[in-house]
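Trainee: structure10.csv is the file, holding CSV, C-alpha atoms:
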```
chain,number,residue,atom,x,y,z
A,26,MET,CA,29.9,61.6,-39.5
A,27,GLY,CA,30.5,65.3,-39.8
A,28,SER,CA,28.8,68.5,-40.9
A,29,LYS,CA,28.6,69.4,-44.5
A,30,LYS,CA,31.1,72.0,-45.7
A,31,LYS,CA,29.6,75.4,-45.5
A,32,ASP,CA,31.0,78.8,-46.7
A,33,PHE,CA,31.8,81.3,-44.0
A,34,SER,CA,29.0,83.5,-43.0
A,35,LEU,CA,29.5,86.3,-40.5
A,36,LYS,CA,25.8,86.3,-39.7
A,37,THR,CA,25.7,82.6,-39.0
A,38,ALA,CA,28.9,82.8,-36.8
A,39,TYR,CA,27.3,85.7,-35.0
A,40,ASN,CA,24.1,83.8,-34.3
A,41,ILE,CA,26.1,81.0,-32.8
A,42,THR,CA,28.0,83.5,-30.7
A,43,LYS,CA,24.7,85.0,-29.5
A,44,ILE,CA,23.3,81.6,-28.5
A,45,GLU,CA,26.5,80.6,-26.6
A,46,TYR,CA,26.7,84.1,-25.0
A,47,ILE,CA,23.1,84.1,-23.7
A,48,LYS,CA,23.5,80.6,-22.3
A,49,TRP,CA,26.6,81.7,-20.5
A,50,LEU,CA,25.1,84.9,-19.1
A,51,PHE,CA,22.2,82.9,-17.6
A,52,ASN,CA,24.4,80.2,-16.1
A,53,PRO,CA,24.0,80.2,-12.3
A,54,ARG,CA,27.7,79.6,-12.1
A,55,LEU,CA,28.2,83.4,-12.7
A,56,THR,CA,27.3,83.9,-9.0
A,57,ILE,CA,30.8,82.8,-8.3
A,58,ILE,CA,31.8,86.4,-9.2
A,59,ILE,CA,30.1,87.6,-6.1
A,60,MET,CA,32.4,85.5,-3.9
A,61,MET,CA,35.4,86.8,-5.9
A,62,PHE,CA,34.4,90.4,-5.2
A,63,ILE,CA,34.1,89.6,-1.4
A,64,PHE,CA,37.6,88.4,-1.5
A,65,ILE,CA,38.9,91.3,-3.6
A,66,LYS,CA,37.1,93.8,-1.4
A,67,ASP,CA,38.5,92.4,1.9
A,68,SER,CA,42.1,91.8,0.7
A,69,ALA,CA,42.7,94.7,-1.7
A,70,ILE,CA,40.1,97.5,-1.9
A,71,ASP,CA,39.3,97.9,1.8
A,72,PRO,CA,43.1,98.1,2.7
A,73,LEU,CA,43.6,100.7,-0.1
A,74,ILE,CA,40.7,102.8,1.3
A,75,GLU,CA,42.1,102.4,4.8
A,76,HIS,CA,45.4,103.9,3.4
A,77,ALA,CA,43.4,106.7,1.9
A,78,ASN,CA,41.6,107.4,5.2
A,79,LYS,CA,44.9,107.4,7.1
A,80,MET,CA,46.4,110.0,4.7
A,81,ASN,CA,43.1,111.8,4.4
A,82,LYS,CA,43.5,111.7,0.6
A,83,PRO,CA,41.4,110.2,-2.2
A,84,ILE,CA,42.4,107.4,-4.4
A,85,ASN,CA,42.0,107.3,-8.1
A,86,ILE,CA,38.9,105.2,-8.8
A,87,ILE,CA,40.7,103.2,-11.5
A,88,GLU,CA,43.7,102.4,-9.2
A,89,PRO,CA,42.0,99.4,-7.4
A,90,PHE,CA,41.4,97.6,-10.7
A,91,ILE,CA,45.0,98.4,-11.9
A,92,ALA,CA,46.2,97.1,-8.5
A,93,ILE,CA,44.4,93.7,-8.6
A,94,GLY,CA,45.2,93.4,-12.4
A,95,ASN,CA,48.9,93.6,-11.6
A,96,SER,CA,49.0,91.5,-8.4
A,97,LYS,CA,50.6,88.1,-8.7
A,98,MET,CA,48.1,86.6,-6.3
A,99,MET,CA,45.1,88.2,-7.8
A,100,LEU,CA,46.2,87.1,-11.3
A,101,LEU,CA,46.0,83.6,-10.0
A,102,LEU,CA,42.4,84.2,-8.7
A,103,ILE,CA,41.0,86.1,-11.7
A,104,PRO,CA,41.9,83.6,-14.4
A,105,ALA,CA,40.9,80.7,-12.1
A,106,ILE,CA,37.4,82.2,-11.6
A,107,PHE,CA,37.1,82.7,-15.4
A,108,ILE,CA,38.1,79.2,-16.2
A,109,THR,CA,35.5,78.0,-13.7
A,110,LEU,CA,32.9,80.1,-15.4
A,111,ILE,CA,33.7,78.6,-18.9
A,112,SER,CA,34.8,75.2,-17.7
A,113,ASP,CA,32.0,73.6,-19.8
A,114,PHE,CA,33.1,75.6,-22.9
A,115,PRO,CA,32.3,74.8,-25.7
A,116,LYS,CA,28.8,74.3,-24.2
A,117,THR,CA,27.2,71.3,-25.9
A,118,ASP,CA,23.7,69.8,-25.6
A,119,GLY,CA,21.4,67.6,-27.6
A,120,ASN,CA,20.9,70.3,-30.3
A,121,THR,CA,24.6,70.9,-31.0
A,122,ILE,CA,25.0,68.3,-33.7
A,123,PHE,CA,22.0,69.9,-35.6
A,124,VAL,CA,23.4,73.4,-35.2
A,125,ILE,CA,26.8,72.3,-36.6
A,126,SER,CA,25.1,70.4,-39.4
A,127,ARG,CA,23.2,73.5,-40.5
A,128,SER,CA,25.9,76.1,-39.9
A,129,GLY,CA,29.0,74.2,-40.8
A,130,ARG,CA,32.2,73.5,-38.8
A,131,LYS,CA,33.8,76.7,-39.8
A,132,ASN,CA,31.0,79.0,-38.7
A,133,TRP,CA,30.6,77.0,-35.5
A,134,PHE,CA,34.3,77.4,-34.7
A,135,ILE,CA,34.4,81.1,-35.5
A,136,GLY,CA,31.3,81.5,-33.4
A,137,GLN,CA,33.1,79.9,-30.5
A,138,ILE,CA,36.1,82.3,-31.0
A,139,PHE,CA,33.7,85.3,-30.9
A,140,PHE,CA,32.0,83.9,-27.8
A,141,ASN,CA,35.4,83.7,-26.1
A,142,ILE,CA,36.1,87.4,-26.9
A,143,PHE,CA,32.6,88.5,-25.8
A,144,SER,CA,32.8,86.6,-22.5
A,145,ILE,CA,36.3,87.8,-21.7
A,146,PHE,CA,35.3,91.4,-22.4
A,147,THR,CA,32.2,91.0,-20.2
A,148,TYR,CA,34.2,89.4,-17.4
A,149,ILE,CA,36.9,92.1,-17.4
A,150,PHE,CA,34.2,94.8,-17.6
A,151,ILE,CA,32.3,93.4,-14.6
A,152,VAL,CA,35.6,93.2,-12.5
A,153,PHE,CA,36.5,96.8,-13.5
A,154,ILE,CA,33.0,98.3,-12.8
A,155,GLY,CA,32.9,96.4,-9.5
A,156,CYS,CA,36.3,97.8,-8.4
A,157,VAL,CA,35.2,101.3,-9.3
A,158,LEU,CA,31.9,101.1,-7.5
A,159,LEU,CA,33.6,99.6,-4.3
A,160,SER,CA,36.1,102.5,-4.2
A,161,PHE,CA,33.9,105.3,-5.5
A,162,LYS,CA,33.1,107.0,-2.2
A,163,LYS,CA,36.8,107.5,-1.4
A,164,GLY,CA,37.8,108.1,-5.0
A,165,LYS,CA,38.5,110.7,-7.6
A,166,VAL,CA,38.7,110.7,-11.4
A,167,SER,CA,42.1,111.6,-12.7
A,168,ASN,CA,44.9,110.5,-15.0
A,169,SER,CA,47.5,111.0,-12.3
A,170,TRP,CA,48.4,108.6,-9.5
A,171,SER,CA,47.1,109.4,-6.1
A,172,GLU,CA,49.3,110.3,-3.2
A,173,VAL,CA,47.9,107.2,-1.5
A,174,ILE,CA,49.8,105.1,-4.1
A,175,THR,CA,52.9,107.2,-4.5
A,176,LYS,CA,53.5,108.5,-0.9
A,177,TYR,CA,51.9,106.1,1.6
A,178,ASN,CA,55.0,103.9,2.1
A,179,LYS,CA,57.1,107.0,2.7
A,180,ASN,CA,54.6,108.3,5.3
A,181,PHE,CA,54.0,104.9,6.9
A,182,PRO,CA,57.2,102.9,6.4
A,183,GLU,CA,56.0,100.4,9.0
A,184,ASP,CA,53.3,99.3,6.6
A,185,SER,CA,55.5,99.2,3.5
A,186,HIS,CA,55.5,95.4,3.3
A,187,SER,CA,51.8,94.9,3.7
A,188,PHE,CA,49.8,93.4,0.8
A,189,ALA,CA,48.0,96.6,0.0
A,190,SER,CA,51.2,98.6,0.0
A,191,GLU,CA,52.8,96.3,-2.6
A,192,LEU,CA,49.9,96.2,-5.0
A,193,ILE,CA,51.2,99.2,-7.0
A,194,ASP,CA,54.8,100.0,-6.7
A,195,GLY,CA,57.3,102.3,-8.4
A,196,ARG,CA,57.9,99.9,-11.3
A,197,LEU,CA,54.4,100.9,-12.4
A,198,TYR,CA,53.6,104.4,-11.3
A,199,ASN,CA,57.0,105.7,-12.2
A,200,GLN,CA,56.7,104.4,-15.8
A,201,MET,CA,53.2,105.2,-17.1
A,202,THR,CA,50.0,107.2,-16.4
A,203,PRO,CA,47.0,105.4,-14.7
A,204,LEU,CA,45.1,105.5,-18.0
A,205,ASN,CA,47.9,103.9,-19.9
A,206,ALA,CA,48.3,101.3,-17.1
A,207,LEU,CA,44.5,100.6,-17.2
A,208,VAL,CA,44.4,100.0,-21.0
A,209,ASN,CA,47.5,97.8,-20.9
A,210,THR,CA,46.2,95.9,-17.9
A,211,MET,CA,42.8,95.2,-19.6
A,212,LEU,CA,44.4,94.1,-22.9
A,213,LEU,CA,47.1,91.9,-21.4
A,214,ILE,CA,44.7,90.2,-19.0
A,215,GLY,CA,42.2,89.8,-21.8
A,216,LEU,CA,44.9,88.1,-24.0
A,217,TYR,CA,45.9,85.8,-21.1
A,218,LEU,CA,42.3,84.7,-20.6
A,219,PHE,CA,41.9,84.3,-24.4
A,220,VAL,CA,44.9,81.9,-24.4
A,221,LEU,CA,43.4,79.9,-21.6
A,222,SER,CA,40.0,79.6,-23.3
A,223,LEU,CA,41.6,78.6,-26.6
A,224,ILE,CA,43.4,75.8,-24.8
A,225,LEU,CA,40.0,74.6,-23.6
A,226,LEU,CA,38.7,74.7,-27.2
A,227,LEU,CA,41.7,72.9,-28.5
A,228,PHE,CA,41.4,70.0,-26.1
A,229,TYR,CA,37.7,69.8,-26.6
A,230,LEU,CA,38.4,69.2,-30.3
A,231,MET,CA,41.0,66.6,-29.3
A,232,ASP,CA,38.2,64.9,-27.3
A,233,LYS,CA,40.2,65.4,-24.1
A,234,LYS,CA,38.3,68.2,-22.4
A,235,PHE,CA,39.4,67.4,-18.8
A,236,ILE,CA,43.1,67.5,-19.8
A,237,GLY,CA,42.5,71.0,-21.2
A,238,ILE,CA,41.2,72.2,-17.8
A,239,LEU,CA,44.1,70.4,-16.1
A,240,ILE,CA,46.7,72.0,-18.4
A,241,ASN,CA,45.2,75.5,-17.7
A,242,ILE,CA,45.5,74.9,-13.9
A,243,ILE,CA,49.2,73.8,-14.4
A,244,ILE,CA,49.9,76.9,-16.6
A,245,MET,CA,48.4,79.2,-13.9
A,246,ALA,CA,50.2,77.5,-11.0
A,247,ILE,CA,53.6,77.5,-12.7
A,248,GLY,CA,53.2,81.1,-13.9
A,249,THR,CA,52.4,82.2,-10.4
A,250,ALA,CA,55.4,80.3,-8.9
A,251,LEU,CA,57.9,81.7,-11.4
A,252,THR,CA,56.7,85.3,-11.1
A,253,PHE,CA,56.9,85.2,-7.4
A,254,ILE,CA,60.6,84.4,-7.6
A,255,GLU,CA,61.0,86.4,-10.8
A,256,LEU,CA,63.3,84.0,-12.7
A,257,ASP,CA,64.0,84.9,-16.3
A,258,ILE,CA,62.2,81.7,-17.4
A,259,MET,CA,58.9,83.2,-16.2
A,260,TRP,CA,58.6,85.0,-19.6
A,261,ILE,CA,57.6,81.8,-21.2
A,262,THR,CA,54.4,81.9,-19.2
A,263,PRO,CA,51.3,83.9,-20.0
A,264,LEU,CA,51.0,85.2,-16.5
A,265,ALA,CA,54.4,87.0,-16.5
A,266,ASN,CA,53.6,88.6,-19.8
A,267,SER,CA,50.3,89.9,-18.5
A,268,ILE,CA,51.8,91.9,-15.6
A,269,ILE,CA,52.9,95.3,-16.7
A,270,TRP,CA,55.2,96.3,-13.9
A,271,LEU,CA,57.3,93.2,-14.4
A,272,HIS,CA,58.5,94.6,-17.7
A,273,TYR,CA,60.2,97.7,-16.1
A,274,THR,CA,62.9,98.7,-13.7
A,275,GLU,CA,61.7,101.0,-10.9
A,276,PHE,CA,63.5,104.3,-11.4
A,277,TYR,CA,64.5,104.5,-15.0
A,278,SER,CA,62.5,104.3,-18.2
A,279,GLU,CA,64.2,101.1,-19.1
A,280,TYR,CA,62.6,97.8,-20.0
A,281,ILE,CA,63.5,94.4,-18.5
A,282,VAL,CA,61.3,93.1,-21.3
A,283,PRO,CA,59.5,95.5,-23.7
A,284,VAL,CA,55.8,95.4,-23.3
A,285,VAL,CA,55.4,95.1,-27.1
A,286,GLN,CA,57.3,91.8,-26.8
A,287,SER,CA,54.5,90.5,-24.6
A,288,TYR,CA,51.9,91.5,-27.2
A,289,ILE,CA,53.9,89.7,-29.9
A,290,TYR,CA,54.1,86.7,-27.5
A,291,PHE,CA,50.4,86.5,-27.1
A,292,PHE,CA,49.7,87.1,-30.8
A,293,LEU,CA,52.0,84.2,-31.8
A,294,LEU,CA,50.6,81.9,-29.1
A,295,ILE,CA,47.0,82.7,-30.1
A,296,VAL,CA,47.8,82.1,-33.8
A,297,PHE,CA,49.4,78.8,-32.9
A,298,LEU,CA,46.5,77.6,-30.8
A,299,ILE,CA,43.9,78.6,-33.4
A,300,SER,CA,45.9,76.9,-36.1
A,301,ILE,CA,46.2,73.6,-34.2
A,302,SER,CA,42.5,73.8,-33.3
A,303,ILE,CA,41.5,74.1,-37.0
A,304,HIS,CA,43.6,71.0,-37.7
A,305,PHE,CA,41.6,69.0,-35.1
A,306,LEU,CA,38.3,70.7,-36.1
A,307,LYS,CA,38.6,69.0,-39.5
A,308,LYS,CA,38.9,65.6,-37.8
A,309,TYR,CA,36.5,65.9,-35.0
A,310,ASN,CA,33.5,63.6,-35.1
A,311,PHE,CA,30.6,65.7,-33.8
A,312,ILE,CA,28.3,62.7,-33.8
A,313,ASN,CA,30.0,61.7,-30.5
A,314,ILE,CA,28.5,64.7,-28.7
A,315,SER,CA,26.4,63.7,-25.8
A,316,GLU,CA,23.8,65.9,-24.2
A,317,VAL,CA,25.1,68.2,-21.4
A,318,ASP,CA,22.8,70.6,-19.6
```
Represent the structure contained in this file as structure tokens.

Mentor:
Amino acid sequence: MGSKKKDFSLKTAYNITKIEYIKWLFNPRLTIIIMMFIFIKDSAIDPLIEHANKMNKPINIIEPFIAIGNSKMMLLLIPAIFITLISDFPKTDGNTIFVISRSGRKNWFIGQIFFNIFSIFTYIFIVFIGCVLLSFKKGKVSNSWSEVITKYNKNFPEDSHSFASELIDGRLYNQMTPLNALVNTMLLIGLYLFVLSLILLLFYLMDKKFIGILINIIIMAIGTALTFIELDIMWITPLANSIIWLHYTEFYSEYIVPVVQSYIYFFLLIVFLISISIHFLKKYNFINISEVD
């Protein structure tokens, strides 16, 4: 048994997106973000503010977000928290079969894609605003890198190998402005999260939801391991392609891998995942949906 074929309707797809998004926003699981901010504050933002205090200089208020968005360790944490937040995606309950029957598979599927995009945007925005607020008292607004980032290691060489000192290095601040780094960081992390959410959707339609979660964990773990040792093979992973500074050498405006290549990588991967998902969408028997609260 399946849903009747329906023509695409942007309004219908949007209504499905709205229902999914509201359910997600009011999910108690979102409180996990508070725990994530405690860790981010203790391990990254407070040490950066401590550096600023030692130099008696302000930091740029967007630097903490750029720092955690380009940290190999944080880019294990941030996607892991997001996957936890959407681990029950697509959210199904006793009414799902009736929603799909009325809207059609195509509109339901596109609604899920839109929900992915909205939830990713919301998540990144929350992380960004949280980082700004936590560093605002010792921050400034500027499109230039602060001396805390560019000169701290020269002034305090004994701290040069600390975690905070290595969050933003010359391979980033020598290559682009903070605003440029911010935009690319947001976009590339967003694409990374979109790939992970599409994997969940694909394996849901394959009726192997748990395997989708497991594969995401494996992708994140392998990506983290390969980027830590910086082997060339790391470029097959979404994680490496989402870290801007890995694309550059430190002192010359030369690419190790062009940033545009990573955007192409994500585009092709997303097209592939959506195409395969559509194939399984046509075969999926939604009558098997059980109620999940």

Trainee: Got a sec: who's within 8 Å of Lys307 of chain A, counting all atoms listed in the file, leaving out chain neighbours fewer than 3 positions off, as an mmCIF file with C-alpha atoms, in the frame of the given file?

Mentor:
```
data_model
loop_
_atom_site.group_PDB
_atom_site.id
_atom_site.type_symbol
_atom_site.label_atom_id
_atom_site.label_comp_id
_atom_site.auth_asym_id
_atom_site.auth_seq_id
_atom_site.Cartn_x
_atom_site.Cartn_y
_atom_site.Cartn_z
ATOM 1 C CA ARG A 130 32.200 73.500 -38.800
ATOM 2 C CA ILE A 303 41.500 74.100 -37.000
ATOM 3 C CA HIS A 304 43.600 71.000 -37.700
#
```

Trainee: May I have a table of the residues of segment 26-90 of chain A lying at most 12 Å from segment 176-186 of chain A, giving each one's closest pair of atoms and their distance in Å to one decimal, counting only C-alpha atoms, ordered by chain and ascending residue number, as a Markdown table?

Mentor:
```
| residue | atom | partner | partner_atom | distance |
| --- | --- | --- | --- | --- |
| A:Pro72 | CA | A:Asp184 | CA | 11.0 |
| A:Leu73 | CA | A:Tyr177 | CA | 10.0 |
| A:Ile74 | CA | A:Tyr177 | CA | 11.7 |
| A:Glu75 | CA | A:Tyr177 | CA | 11.0 |
| A:His76 | CA | A:Tyr177 | CA | 7.1 |
| A:Ala77 | CA | A:Tyr177 | CA | 8.5 |
| A:Asn78 | CA | A:Tyr177 | CA | 11.0 |
| A:Lys79 | CA | A:Tyr177 | CA | 9.0 |
| A:Met80 | CA | A:Tyr177 | CA | 7.4 |
| A:Asn81 | CA | A:Tyr177 | CA | 10.9 |
| A:Lys82 | CA | A:Tyr177 | CA | 10.1 |
| A:Pro83 | CA | A:Tyr177 | CA | 11.9 |
| A:Ile84 | CA | A:Tyr177 | CA | 11.3 |
```

Trainee: Using only C-alpha atoms, can you tell me which of A:Phe305, A:Phe90, A:Tyr273, A:Phe107 comes closest to Thr56 of chain A?

Mentor: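 Once distances to Thr56 of chain A are computed over only C-alpha atoms, the minimum belongs to A:Phe107.
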
Trainee: Rank nothing, just name the residue among A:Phe235, A:Tyr309, A:Tyr148, A:Trp133 nearest to Ile57 of chain A, using all atoms listed in the file.

Mentor: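 Going through A:Phe235, A:Tyr309, A:Tyr148, A:Trp133 one by one, the smallest distance to Ile57 of chain A is for A:Tyr148.
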
Trainee: Which value, in Å to one decimal, gives the distance between atom CA of Ile103 of chain A and atom CA of Glu279 of chain A?

Mentor: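 Between atom CA of Ile103 of chain A and atom CA of Glu279 of chain A the gap is 28.6 Å.
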
Trainee: How many Å lie between atom CA of Thr202 of chain A and atom CA of Trp170 of chain A, rounded to one decimal?

Mentor: 7.2 Å

Trainee: Using all atoms listed in the file, which of A:Ile281, A:Leu204, A:Ile268, A:Leu102 sits nearest Leu192 of chain A?

Mentor: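 For Leu192 of chain A, the nearest of the given residues is A:Ile268.
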
Trainee: For atom CA of Val296 of chain A and atom CA of Ile138 of chain A, determine how far apart the two atoms are, in Å to one decimal place.

Mentor: 12.0 Å

Trainee: Could you check which of A:Thr210, A:Val220, A:Ala250, A:Pro115 is closest to Lys234 of chain A, using all atoms listed in the file?

Mentor: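 With all atoms listed in the file as the atom set, the closest residue is A:Pro115.
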
Trainee: Could you give me, as a PyMOL selection string, the residues that sit within 8 Å of (54.4, 90.5, -20.0) in the file's coordinates, counting only C-alpha atoms?

Mentor: chain A and resi 213+260+263-269+271-272+282+284+286-288

Trainee: Write out as an MDAnalysis selection string which residues come within 10 Å of Ile91 of chain A when counting all atoms listed in the file, dropping same-chain ones fewer than 4 positions away.

Mentor: chainID A and resid 86:87 95:96 153 156 192:193 197 203:204 206:211 269
